[in-house]
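Here is input_5.cif, consisting of mmCIF, C-alpha atoms:
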```cif
data_run
#
loop_
_atom_site.group_PDB
_atom_site.id
_atom_site.type_symbol
_atom_site.label_atom_id
_atom_site.label_comp_id
_atom_site.auth_asym_id
_atom_site.auth_seq_id
_atom_site.Cartn_x
_atom_site.Cartn_y
_atom_site.Cartn_z
ATOM 1 C CA MET A 1 0.486 25.637 -24.719
ATOM 2 C CA ALA A 2 4.197 25.166 -25.276
ATOM 3 C CA GLY A 3 3.751 26.073 -28.933
ATOM 4 C CA GLU A 4 1.876 29.262 -28.018
ATOM 5 C CA LYS A 5 4.643 30.252 -25.589
ATOM 6 C CA VAL A 6 7.295 29.726 -28.251
ATOM 7 C CA LEU A 7 5.238 31.839 -30.671
ATOM 8 C CA GLU A 8 4.845 34.618 -28.083
ATOM 9 C CA GLU A 9 8.588 34.623 -27.393
ATOM 10 C CA SER A 10 9.290 34.688 -31.110
ATOM 11 C CA ASN A 11 6.936 37.650 -31.578
ATOM 12 C CA ALA A 12 8.505 39.477 -28.631
ATOM 13 C CA ALA A 13 11.953 38.961 -30.133
ATOM 14 C CA ALA A 14 10.739 40.253 -33.503
ATOM 15 C CA TYR A 15 9.214 43.358 -31.887
ATOM 16 C CA SER A 16 12.439 44.027 -29.969
ATOM 17 C CA GLU A 17 14.409 43.707 -33.180
ATOM 18 C CA ILE A 18 12.221 46.375 -34.775
ATOM 19 C CA LEU A 19 12.269 48.652 -31.724
ATOM 20 C CA PHE A 20 16.057 48.646 -31.399
ATOM 21 C CA ASN A 21 17.063 48.352 -35.063
ATOM 22 C CA LEU A 22 18.573 51.657 -36.194
ATOM 23 C CA SER A 23 18.148 50.983 -39.915
ATOM 24 C CA VAL A 24 14.442 50.199 -39.428
ATOM 25 C CA TRP A 25 13.839 53.600 -37.818
ATOM 26 C CA GLU A 26 15.904 55.469 -40.390
ATOM 27 C CA GLU A 27 13.920 53.865 -43.213
ATOM 28 C CA ALA A 28 10.582 54.319 -41.406
ATOM 29 C CA TRP A 29 11.217 58.056 -41.082
ATOM 30 C CA LYS A 30 12.060 58.330 -44.770
ATOM 31 C CA GLN A 31 8.906 56.452 -45.767
ATOM 32 C CA ARG A 32 6.459 58.015 -43.297
ATOM 33 C CA PRO A 33 3.147 59.277 -44.731
ATOM 34 C CA ARG A 34 3.375 62.987 -45.415
ATOM 35 C CA ASN A 35 1.586 65.617 -47.409
ATOM 36 C CA PRO A 36 3.361 65.573 -50.824
ATOM 37 C CA LYS A 37 3.570 69.361 -50.684
ATOM 38 C CA TYR A 38 6.101 69.032 -47.844
ATOM 39 C CA LYS A 39 8.516 66.763 -49.699
ATOM 40 C CA LYS A 40 10.593 69.744 -50.838
ATOM 41 C CA LYS A 41 10.711 71.025 -47.255
ATOM 42 C CA SER A 42 8.845 74.151 -48.241
ATOM 43 C CA ALA A 43 5.733 75.703 -46.834
ATOM 44 C CA PRO A 44 2.515 74.520 -48.499
ATOM 45 C CA PHE A 45 1.602 77.667 -50.399
ATOM 46 C CA ASP A 46 0.376 77.714 -53.958
ATOM 47 C CA ASN A 47 1.661 81.183 -54.766
ATOM 48 C CA GLU A 48 3.760 84.061 -53.482
ATOM 49 C CA GLU A 49 0.711 86.070 -52.449
ATOM 50 C CA ALA A 50 -0.462 83.281 -50.121
ATOM 51 C CA PHE A 51 3.012 82.955 -48.615
ATOM 52 C CA GLU A 52 3.327 86.707 -48.136
ATOM 53 C CA GLY A 53 0.004 86.810 -46.293
ATOM 54 C CA TRP A 54 1.105 83.966 -44.021
ATOM 55 C CA ALA A 55 4.554 85.463 -43.418
ATOM 56 C CA ARG A 56 3.262 88.880 -42.423
ATOM 57 C CA ASP A 57 0.614 87.367 -40.162
ATOM 58 C CA TYR A 58 3.173 85.019 -38.575
ATOM 59 C CA HIS A 59 5.532 87.944 -37.979
ATOM 60 C CA ARG A 60 2.779 90.034 -36.425
ATOM 61 C CA GLN A 61 1.679 87.209 -34.098
ATOM 62 C CA SER A 62 5.270 86.358 -33.147
ATOM 63 C CA PHE A 63 5.919 89.819 -31.770
ATOM 64 C CA THR A 64 2.655 90.323 -29.913
ATOM 65 C CA GLU A 65 2.946 90.093 -26.143
ATOM 66 C CA GLU A 66 1.541 86.557 -26.278
ATOM 67 C CA GLY A 67 4.010 85.548 -28.987
ATOM 68 C CA LYS A 68 6.971 86.943 -27.071
ATOM 69 C CA GLN A 69 5.827 85.144 -23.920
ATOM 70 C CA ARG A 70 5.688 81.868 -25.861
ATOM 71 C CA SER A 71 9.284 82.361 -27.022
ATOM 72 C CA GLU A 72 10.313 83.242 -23.479
ATOM 73 C CA ARG A 73 8.769 80.032 -22.104
ATOM 74 C CA ILE A 74 10.788 77.958 -24.576
ATOM 75 C CA MET A 75 14.002 79.814 -23.798
ATOM 76 C CA ASN A 76 13.349 79.450 -20.063
ATOM 77 C CA TRP A 77 12.996 75.686 -20.493
ATOM 78 C CA VAL A 78 16.355 75.550 -22.275
ATOM 79 C CA GLU A 79 17.950 77.698 -19.569
ATOM 80 C CA ASN A 80 16.539 75.373 -16.914
ATOM 81 C CA GLN A 81 18.638 72.596 -18.459
ATOM 82 C CA GLY A 82 21.776 74.553 -17.581
ATOM 83 C CA VAL A 83 22.203 76.720 -20.687
ATOM 84 C CA ASP A 84 23.255 80.346 -20.150
ATOM 85 C CA PHE A 85 22.786 82.229 -23.439
ATOM 86 C CA SER A 86 24.982 85.160 -22.425
ATOM 87 C CA GLY A 87 28.194 85.107 -24.436
ATOM 88 C CA LEU A 88 27.230 82.025 -26.471
ATOM 89 C CA SER A 89 27.405 81.733 -30.238
ATOM 90 C CA ILE A 90 24.081 80.479 -31.640
ATOM 91 C CA LEU A 91 23.107 79.201 -35.086
ATOM 92 C CA ASP A 92 19.386 79.908 -35.424
ATOM 93 C CA ILE A 93 18.187 77.597 -38.218
ATOM 94 C CA GLY A 94 14.939 78.695 -39.869
ATOM 95 C CA ALA A 95 15.003 81.993 -38.018
ATOM 96 C CA ALA A 96 11.889 83.390 -39.760
ATOM 97 C CA SER A 97 11.584 87.068 -38.806
ATOM 98 C CA GLY A 98 13.732 86.788 -35.685
ATOM 99 C CA ILE A 99 11.329 85.418 -33.085
ATOM 100 C CA PHE A 100 14.271 83.779 -31.264
ATOM 101 C CA THR A 101 17.209 85.506 -32.942
ATOM 102 C CA ILE A 102 16.366 88.859 -31.359
ATOM 103 C CA PRO A 103 15.802 87.654 -27.759
ATOM 104 C CA PHE A 104 18.978 85.541 -28.012
ATOM 105 C CA ALA A 105 20.889 88.699 -28.923
ATOM 106 C CA GLU A 106 19.152 90.594 -26.115
ATOM 107 C CA LYS A 107 20.554 88.006 -23.700
ATOM 108 C CA GLY A 108 24.070 88.705 -24.954
ATOM 109 C CA ALA A 109 24.514 85.937 -27.520
ATOM 110 C CA LYS A 110 26.134 86.263 -30.946
ATOM 111 C CA VAL A 111 23.604 84.893 -33.431
ATOM 112 C CA THR A 112 23.842 83.652 -37.007
ATOM 113 C CA ALA A 113 20.280 83.594 -38.347
ATOM 114 C CA VAL A 114 19.673 81.261 -41.302
ATOM 115 C CA GLU A 115 16.483 82.146 -43.190
ATOM 116 C CA PRO A 116 15.901 81.605 -46.932
ATOM 117 C CA SER A 117 12.814 83.807 -47.325
ATOM 118 C CA GLU A 118 13.673 87.306 -48.523
ATOM 119 C CA LEU A 119 10.412 88.615 -47.082
ATOM 120 C CA LEU A 120 11.037 87.171 -43.623
ATOM 121 C CA VAL A 121 14.620 88.445 -43.730
ATOM 122 C CA SER A 122 13.377 91.944 -44.553
ATOM 123 C CA LEU A 123 10.891 91.784 -41.669
ATOM 124 C CA MET A 124 13.683 90.623 -39.365
ATOM 125 C CA LYS A 125 15.911 93.530 -40.404
ATOM 126 C CA GLU A 126 13.052 95.958 -39.734
ATOM 127 C CA THR A 127 12.548 94.471 -36.254
ATOM 128 C CA ILE A 128 16.123 94.149 -34.995
ATOM 129 C CA PRO A 129 16.907 97.060 -32.642
ATOM 130 C CA HIS A 130 19.859 99.139 -33.804
ATOM 131 C CA SER A 131 21.744 98.281 -30.603
ATOM 132 C CA LEU A 132 21.688 94.570 -31.546
ATOM 133 C CA VAL A 133 22.662 94.772 -35.222
ATOM 134 C CA SER A 134 26.314 93.956 -34.518
ATOM 135 C CA ASN A 135 25.267 90.819 -32.595
ATOM 136 C CA ILE A 136 23.338 89.289 -35.497
ATOM 137 C CA GLU A 137 24.518 87.945 -38.838
ATOM 138 C CA ILE A 138 21.847 86.931 -41.355
ATOM 139 C CA VAL A 139 22.451 84.160 -43.901
ATOM 140 C CA SER A 140 19.670 84.087 -46.489
ATOM 141 C CA GLU A 141 20.053 80.474 -47.641
ATOM 142 C CA ARG A 142 18.295 77.147 -47.151
ATOM 143 C CA PHE A 143 20.110 75.324 -44.349
ATOM 144 C CA GLU A 144 19.782 71.964 -46.095
ATOM 145 C CA ASP A 145 21.594 73.396 -49.147
ATOM 146 C CA ILE A 146 24.502 74.855 -47.163
ATOM 147 C CA SER A 147 27.925 73.188 -47.123
ATOM 148 C CA ILE A 148 29.013 73.653 -43.527
ATOM 149 C CA GLN A 149 32.545 72.722 -44.540
ATOM 150 C CA GLU A 150 32.692 75.595 -47.018
ATOM 151 C CA LYS A 151 31.132 77.946 -44.475
ATOM 152 C CA GLY A 152 33.566 76.843 -41.801
ATOM 153 C CA TRP A 153 30.655 75.953 -39.523
ATOM 154 C CA GLU A 154 31.849 72.574 -38.230
ATOM 155 C CA LYS A 155 31.754 72.844 -34.410
ATOM 156 C CA GLU A 156 31.614 76.607 -34.904
ATOM 157 C CA TYR A 157 28.643 77.350 -32.622
ATOM 158 C CA ASP A 158 27.913 76.685 -28.971
ATOM 159 C CA VAL A 159 24.254 76.044 -29.831
ATOM 160 C CA ALA A 160 22.415 75.000 -32.979
ATOM 161 C CA PHE A 161 18.772 75.984 -32.562
ATOM 162 C CA ALA A 162 15.887 74.906 -34.834
ATOM 163 C CA SER A 163 12.371 75.725 -33.664
ATOM 164 C CA MET A 164 9.602 74.133 -35.776
ATOM 165 C CA CYS A 165 11.905 74.322 -38.790
ATOM 166 C CA PRO A 166 10.763 72.381 -41.905
ATOM 167 C CA ALA A 167 14.408 71.673 -42.749
ATOM 168 C CA MET A 168 14.643 69.347 -39.734
ATOM 169 C CA SER A 169 12.640 66.682 -41.553
ATOM 170 C CA ASP A 170 15.292 64.037 -42.140
ATOM 171 C CA TRP A 171 18.265 62.633 -40.266
ATOM 172 C CA GLU A 172 20.851 64.045 -42.676
ATOM 173 C CA THR A 173 19.778 67.623 -41.941
ATOM 174 C CA ILE A 174 19.621 67.001 -38.194
ATOM 175 C CA LYS A 175 23.102 65.479 -38.353
ATOM 176 C CA GLN A 176 24.279 68.628 -40.150
ATOM 177 C CA ALA A 177 22.867 70.764 -37.316
ATOM 178 C CA ILE A 178 24.638 68.561 -34.766
ATOM 179 C CA GLN A 179 27.911 68.924 -36.672
ATOM 180 C CA CYS A 180 27.633 72.718 -36.369
ATOM 181 C CA ALA A 181 27.400 72.679 -32.565
ATOM 182 C CA ARG A 182 29.905 72.249 -29.755
ATOM 183 C CA LYS A 183 27.595 72.127 -26.740
ATOM 184 C CA TYR A 184 23.887 71.908 -27.482
ATOM 185 C CA VAL A 185 21.362 71.303 -30.233
ATOM 186 C CA TYR A 186 17.725 72.301 -29.764
ATOM 187 C CA ILE A 187 15.018 70.923 -32.061
ATOM 188 C CA SER A 188 11.268 71.287 -31.745
ATOM 189 C CA THR A 189 8.647 69.626 -33.905
ATOM 190 C CA MET A 190 5.158 68.164 -33.868
ATOM 191 C CA ALA A 191 4.677 65.189 -31.527
ATOM 192 C CA GLY A 192 1.618 63.845 -33.288
ATOM 193 C CA PRO A 193 -0.899 65.043 -35.860
ATOM 194 C CA LYS A 194 -1.996 68.667 -35.849
ATOM 195 C CA VAL A 195 -5.351 69.406 -34.230
ATOM 196 C CA HIS A 196 -7.811 71.569 -36.141
ATOM 197 C CA THR A 197 -11.407 70.576 -35.464
ATOM 198 C CA LEU A 198 -12.737 72.750 -38.285
ATOM 199 C CA MET A 199 -10.546 70.908 -40.784
ATOM 200 C CA ASP A 200 -11.790 67.615 -39.315
ATOM 201 C CA GLU A 201 -15.330 68.731 -40.110
ATOM 202 C CA LEU A 202 -14.327 69.676 -43.642
ATOM 203 C CA LYS A 203 -12.797 66.225 -44.206
ATOM 204 C CA GLU A 204 -16.276 64.781 -43.883
ATOM 205 C CA VAL A 205 -17.805 67.521 -46.040
ATOM 206 C CA LEU A 206 -15.246 66.912 -48.801
ATOM 207 C CA GLY A 207 -15.328 63.127 -48.439
ATOM 208 C CA VAL A 208 -11.655 62.853 -47.513
ATOM 209 C CA ASN A 209 -10.311 60.016 -45.388
ATOM 210 C CA SER A 210 -6.832 61.288 -44.606
ATOM 211 C CA PRO A 211 -4.272 58.804 -43.250
ATOM 212 C CA TYR A 212 -2.858 59.291 -39.775
ATOM 213 C CA ARG A 213 0.285 61.403 -39.975
ATOM 214 C CA ALA A 214 2.501 61.135 -36.945
ATOM 215 C CA GLY A 215 4.734 63.997 -36.002
ATOM 216 C CA ASP A 216 8.487 63.705 -36.356
ATOM 217 C CA MET A 217 9.222 63.684 -32.612
ATOM 218 C CA GLY A 218 9.005 59.919 -32.152
ATOM 219 C CA TYR A 219 11.434 59.244 -35.005
ATOM 220 C CA ILE A 220 13.935 61.836 -33.789
ATOM 221 C CA GLN A 221 13.846 60.566 -30.208
ATOM 222 C CA GLN A 222 14.328 56.948 -31.207
ATOM 223 C CA LEU A 223 17.150 57.735 -33.621
ATOM 224 C CA LEU A 224 18.960 59.846 -31.018
ATOM 225 C CA PHE A 225 18.496 57.052 -28.491
ATOM 226 C CA LEU A 226 19.822 54.367 -30.830
ATOM 227 C CA LYS A 227 22.736 56.564 -31.929
ATOM 228 C CA GLY A 228 23.832 57.066 -28.318
ATOM 229 C CA TYR A 229 23.170 60.770 -27.796
ATOM 230 C CA ALA A 230 22.420 62.353 -24.422
ATOM 231 C CA TYR A 231 19.317 64.513 -24.551
ATOM 232 C CA THR A 232 16.406 65.967 -22.614
ATOM 233 C CA THR A 233 12.859 66.027 -23.990
ATOM 234 C CA LEU A 234 9.599 67.763 -23.228
ATOM 235 C CA ILE A 235 6.175 67.037 -24.730
ATOM 236 C CA THR A 236 3.457 69.660 -24.315
ATOM 237 C CA ASN A 237 -0.186 69.537 -25.303
ATOM 238 C CA GLU A 238 -1.168 72.950 -26.658
ATOM 239 C CA VAL A 239 -4.695 72.845 -28.028
ATOM 240 C CA ASN A 240 -6.526 76.162 -27.746
ATOM 241 C CA PRO A 241 -10.072 77.336 -28.432
ATOM 242 C CA ILE A 242 -10.253 79.805 -31.315
ATOM 243 C CA GLU A 243 -12.901 82.345 -32.250
ATOM 244 C CA MET A 244 -12.480 83.826 -35.709
ATOM 245 C CA PRO A 245 -14.680 85.883 -38.054
ATOM 246 C CA VAL A 246 -16.150 83.680 -40.752
ATOM 247 C CA GLN A 247 -14.761 85.892 -43.515
ATOM 248 C CA GLN A 248 -11.254 85.480 -42.124
ATOM 249 C CA VAL A 249 -11.721 81.699 -42.090
ATOM 250 C CA VAL A 250 -12.904 81.825 -45.709
ATOM 251 C CA ASP A 251 -9.857 83.882 -46.682
ATOM 252 C CA LEU A 252 -7.569 81.317 -45.008
ATOM 253 C CA LEU A 253 -9.243 78.268 -46.537
ATOM 254 C CA PRO A 254 -6.815 77.803 -49.481
ATOM 255 C CA GLU A 255 -3.831 77.821 -47.114
ATOM 256 C CA TRP A 256 -5.488 75.588 -44.508
ATOM 257 C CA LEU A 257 -6.781 73.032 -46.990
ATOM 258 C CA ASN A 258 -3.284 72.742 -48.459
ATOM 259 C CA THR A 259 -1.657 72.481 -45.049
ATOM 260 C CA TYR A 260 -3.947 69.669 -43.928
ATOM 261 C CA GLY A 261 -3.759 67.747 -47.193
ATOM 262 C CA LEU A 262 -7.337 68.461 -48.277
ATOM 263 C CA PRO A 263 -8.403 69.217 -51.862
ATOM 264 C CA SER A 264 -8.313 72.933 -52.657
ATOM 265 C CA ASP A 265 -9.700 73.021 -56.173
ATOM 266 C CA GLU A 266 -12.424 75.541 -57.004
ATOM 267 C CA ASN A 267 -15.285 73.134 -56.292
ATOM 268 C CA SER A 268 -13.817 72.024 -52.942
ATOM 269 C CA LEU A 269 -13.257 75.626 -51.884
ATOM 270 C CA TYR A 270 -16.853 76.452 -52.770
ATOM 271 C CA ARG A 271 -18.235 73.507 -50.775
ATOM 272 C CA ALA A 272 -15.998 74.305 -47.808
ATOM 273 C CA GLU A 273 -17.026 77.968 -47.815
ATOM 274 C CA GLN A 274 -20.724 77.120 -48.000
ATOM 275 C CA TYR A 275 -20.381 74.699 -45.088
ATOM 276 C CA ILE A 276 -18.643 77.306 -42.934
ATOM 277 C CA ARG A 277 -21.137 80.074 -43.732
ATOM 278 C CA ASP A 278 -24.079 77.724 -43.097
ATOM 279 C CA SER A 279 -22.576 76.368 -39.862
ATOM 280 C CA TYR A 280 -21.785 79.774 -38.365
ATOM 281 C CA PRO A 281 -24.581 82.095 -39.481
ATOM 282 C CA GLU A 282 -23.764 84.634 -36.744
ATOM 283 C CA GLY A 283 -20.443 85.357 -38.419
ATOM 284 C CA VAL A 284 -18.009 83.875 -35.882
ATOM 285 C CA ALA A 285 -16.487 80.400 -36.219
ATOM 286 C CA THR A 286 -15.379 78.512 -33.107
ATOM 287 C CA PHE A 287 -12.975 75.566 -33.193
ATOM 288 C CA LEU A 288 -9.954 73.974 -31.513
ATOM 289 C CA ARG A 289 -6.473 74.300 -32.972
ATOM 290 C CA GLY A 290 -3.003 73.202 -31.918
ATOM 291 C CA GLY A 291 -1.496 69.834 -31.109
ATOM 292 C CA ARG A 292 1.230 68.098 -29.160
ATOM 293 C CA PHE A 293 4.657 69.658 -29.513
ATOM 294 C CA GLY A 294 8.005 68.069 -28.783
ATOM 295 C CA LYS A 295 11.180 69.810 -27.651
ATOM 296 C CA ILE A 296 14.591 68.134 -27.608
ATOM 297 C CA LEU A 297 17.832 69.495 -26.170
ATOM 298 C CA ILE A 298 20.818 67.378 -27.216
ATOM 299 C CA GLN A 299 23.790 67.658 -24.846
ATOM 300 C CA LEU A 300 27.040 67.288 -26.746
ATOM 301 C CA ASP A 301 29.773 68.263 -24.283
ATOM 302 C CA GLN A 302 28.520 67.642 -20.731
ATOM 303 C CA GLN A 303 26.330 64.568 -20.942
ATOM 304 C CA HIS A 304 25.651 64.036 -17.244
ATOM 305 C CA MET A 305 22.551 65.209 -15.395
ATOM 306 C CA LYS A 306 22.329 68.973 -14.975
ATOM 307 C CA VAL A 307 21.157 70.856 -11.898
ATOM 308 C CA VAL A 308 17.977 72.772 -12.643
ATOM 309 C CA ARG A 309 18.523 76.477 -12.276
ATOM 310 C CA THR A 310 16.370 78.493 -9.895
ATOM 311 C CA LYS A 311 15.521 82.115 -10.555
#
```

Go ahead and express the file in the form of structure tokens.
Amino acid sequence: MAGEKVLEESNAAAYSEILFNLSVWEEAWKQRPRNPKYKKKSAPFDNEEAFEGWARDYHRQSFTEEGKQRSERIMNWVENQGVDFSGLSILDIGAASGIFTIPFAEKGAKVTAVEPSELLVSLMKETIPHSLVSNIEIVSERFEDISIQEKGWEKEYDVAFASMCPAMSDWETIKQAIQCARKYVYISTMAGPKVHTLMDELKEVLGVNSPYRAGDMGYIQQLLFLKGYAYTTLITNEVNPIEMPVQQVVDLLPEWLNTYGLPSDENSLYRAEQYIRDSYPEGVATFLRGGRFGKILIQLDQQHMKVVRTK
């Protein structure tokens, strides 16, 4: 019995060493299982045509009433932590077509929007109201390639904001975002594997046993904790039922198979298409899509508890 107790205590000590060892978490994040197509921090598209289709669809969805309400909910959460966007300077990292850049400017902020895609930049310019043009500066570069020293961005912005930005996939890039901010840094990312029940079905059809891929949220939280930052977090579970015409699903298959790490060769596409058409003969596919999402607001200047604002 005494030997078992010593072994248990030894195991507990070893687990604690892992849990609170900064270098272990830094290395674990670097070595985490990921789709190889994401290693260059780029979207998983095989060609420009596929990316253009995604970009235009993403832009359209972002500025529907539902899309704007989703952005508003996120901004409201940040405001409820004591952030007043009016008069702030904001670095919007991975701004896409302006889904947050524009409402930030509408609230009276001065925004620098960093977006490397020429197409998304052009869509942003088309969408920005003329009255807000002077409030927005667009930088068409990859954030991870920018020298913030050369740009003069060190502690230049009140807020560094990165919503679901692929660039925030390692500590060095997150540290660069933190170095740009004086008051707050907002980062959102997956808090677990993506949910797509149709892709789960296709894994079996294609004979794929994909490894579990955790989201980045756990790594970011633990690293911020071990590095001594003050921050607020929120985890939401946003899995929604989807109804989609079968032909639209078929058209999206190359993109989806790539995104979820499934084979997308000609034979796999054929088998996947046949399965979908056979499974939904009435022409409408139904499935669940979404996942758990994590939001982090790092407090750089005032690190004590904030009073929640009431509206």

Quick one: which region 252-303 of chain A residues come within 12 Å of region 171-177 of chain A, and what is the nearest atom pair for each with the distance in Å to one decimal, counting all atoms listed in the file, rows ordered by chain and ascending number, as CSV?
```
residue,atom,partner,partner_atom,distance
A:Ile296,CA,A:Ile174,CA,11.8
A:Ile298,CA,A:Ala177,CA,10.8
A:Leu300,CA,A:Ala177,CA,11.9
```

On this structure, which residues satisfy the PyMOL selection byres ((chain A and resi 25-31) around 9), written as a list in words?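 Residues picked by the PyMOL selection byres ((chain A and resi 25-31) around 9): Ile18, Leu19, Phe20, Asn21, Leu22, Ser23, Val24, Arg32, Pro33, Arg34, Ser169, Asp170, Trp171, Asp216, Tyr219, Ile220, Gln222 and Leu223 of chain A.
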
Residues near Gly218 (chain A), cut-off 9 Å, only C-alpha atoms, skip fewer than 6 positions along chain, as number ranges by chain: A: 191-192, 294

Quick one: pull the distance between CA of Lys155 (chain A) and CA of Trp77 (chain A), Å, one decimal. 23.5 Å

Coordinates of box centre and edge lengths for region 196-199 of chain A, 6 Å on every side, axis-aligned, as AutoDock Vina command-line options:
```
--center_x -10.3 --center_y 71.7 --center_z -38.1 --size_x 16.9 --size_y 14.2 --size_z 17.3
```

Given the PyMOL selection byres ((chain A and resi 56-71) around 8) and the file above, list the residues it selects as an mmCIF file with C-alpha atoms, in the frame of the given file.
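Result file is out-v1.cif:
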```cif
data_model
loop_
_atom_site.group_PDB
_atom_site.id
_atom_site.type_symbol
_atom_site.label_atom_id
_atom_site.label_comp_id
_atom_site.auth_asym_id
_atom_site.auth_seq_id
_atom_site.Cartn_x
_atom_site.Cartn_y
_atom_site.Cartn_z
ATOM 1 C CA GLU A 52 3.327 86.707 -48.136
ATOM 2 C CA GLY A 53 0.004 86.810 -46.293
ATOM 3 C CA TRP A 54 1.105 83.966 -44.021
ATOM 4 C CA ALA A 55 4.554 85.463 -43.418
ATOM 5 C CA GLU A 72 10.313 83.242 -23.479
ATOM 6 C CA ARG A 73 8.769 80.032 -22.104
ATOM 7 C CA ILE A 74 10.788 77.958 -24.576
ATOM 8 C CA MET A 75 14.002 79.814 -23.798
ATOM 9 C CA SER A 97 11.584 87.068 -38.806
ATOM 10 C CA ILE A 99 11.329 85.418 -33.085
ATOM 11 C CA PHE A 100 14.271 83.779 -31.264
ATOM 12 C CA LEU A 120 11.037 87.171 -43.623
ATOM 13 C CA LEU A 123 10.891 91.784 -41.669
#
```

Would you kindly translate the PyMOL selection byres ((chain A and resi 306) around 12) into the concrete residues it picks from this file, as a PyMOL selection string? chain A and resi 78-83+230-232+299+301-305+307-309

Separation of CA of Leu226 (chain A) and CA of Asp145 (chain A), in Å?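 CA of Asp145 (chain A) lies at a distance of 26.5 Å from CA of Leu226 (chain A).
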
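Going from CA of Leu288 (chain A) over to CA of Ser188 (chain A), you cover 21.4 Å.
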
Given all atoms listed in the file as the counted atoms, nearest of A:Thr286, A:Val111, A:Arg292, A:Ser134 to Leu234 (chain A): A:Arg292

With only C-alpha atoms as the atoms that count, which of A:Glu255, A:Asp200, A:Glu115, A:Glu154 lies nearest to Ile178 (chain A)?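 The closest residue to Ile178 (chain A) is A:Glu154.
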
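Of the residues listed (A:Trp153, A:Met164, A:Tyr280, A:Ile128), A:Met164 shows the shortest atom-to-atom separation from Met217 (chain A); distances use all atoms listed in the file.
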
Nearest to Lys295 (chain A), chosen from A:Trp256, A:Phe225, A:Tyr275, A:Phe161, with only C-alpha atoms counted in the distances: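 Looking at the shortest contact to Lys295 (chain A), the residue is A:Phe161.
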
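Counting all atoms listed in the file, Met124 (chain A) has the following residues at most 6 Å away, ignoring those fewer than 2 positions along the same chain: Ser97, Gly98, Val121, Ser122, Glu126 and Thr127 of chain A.
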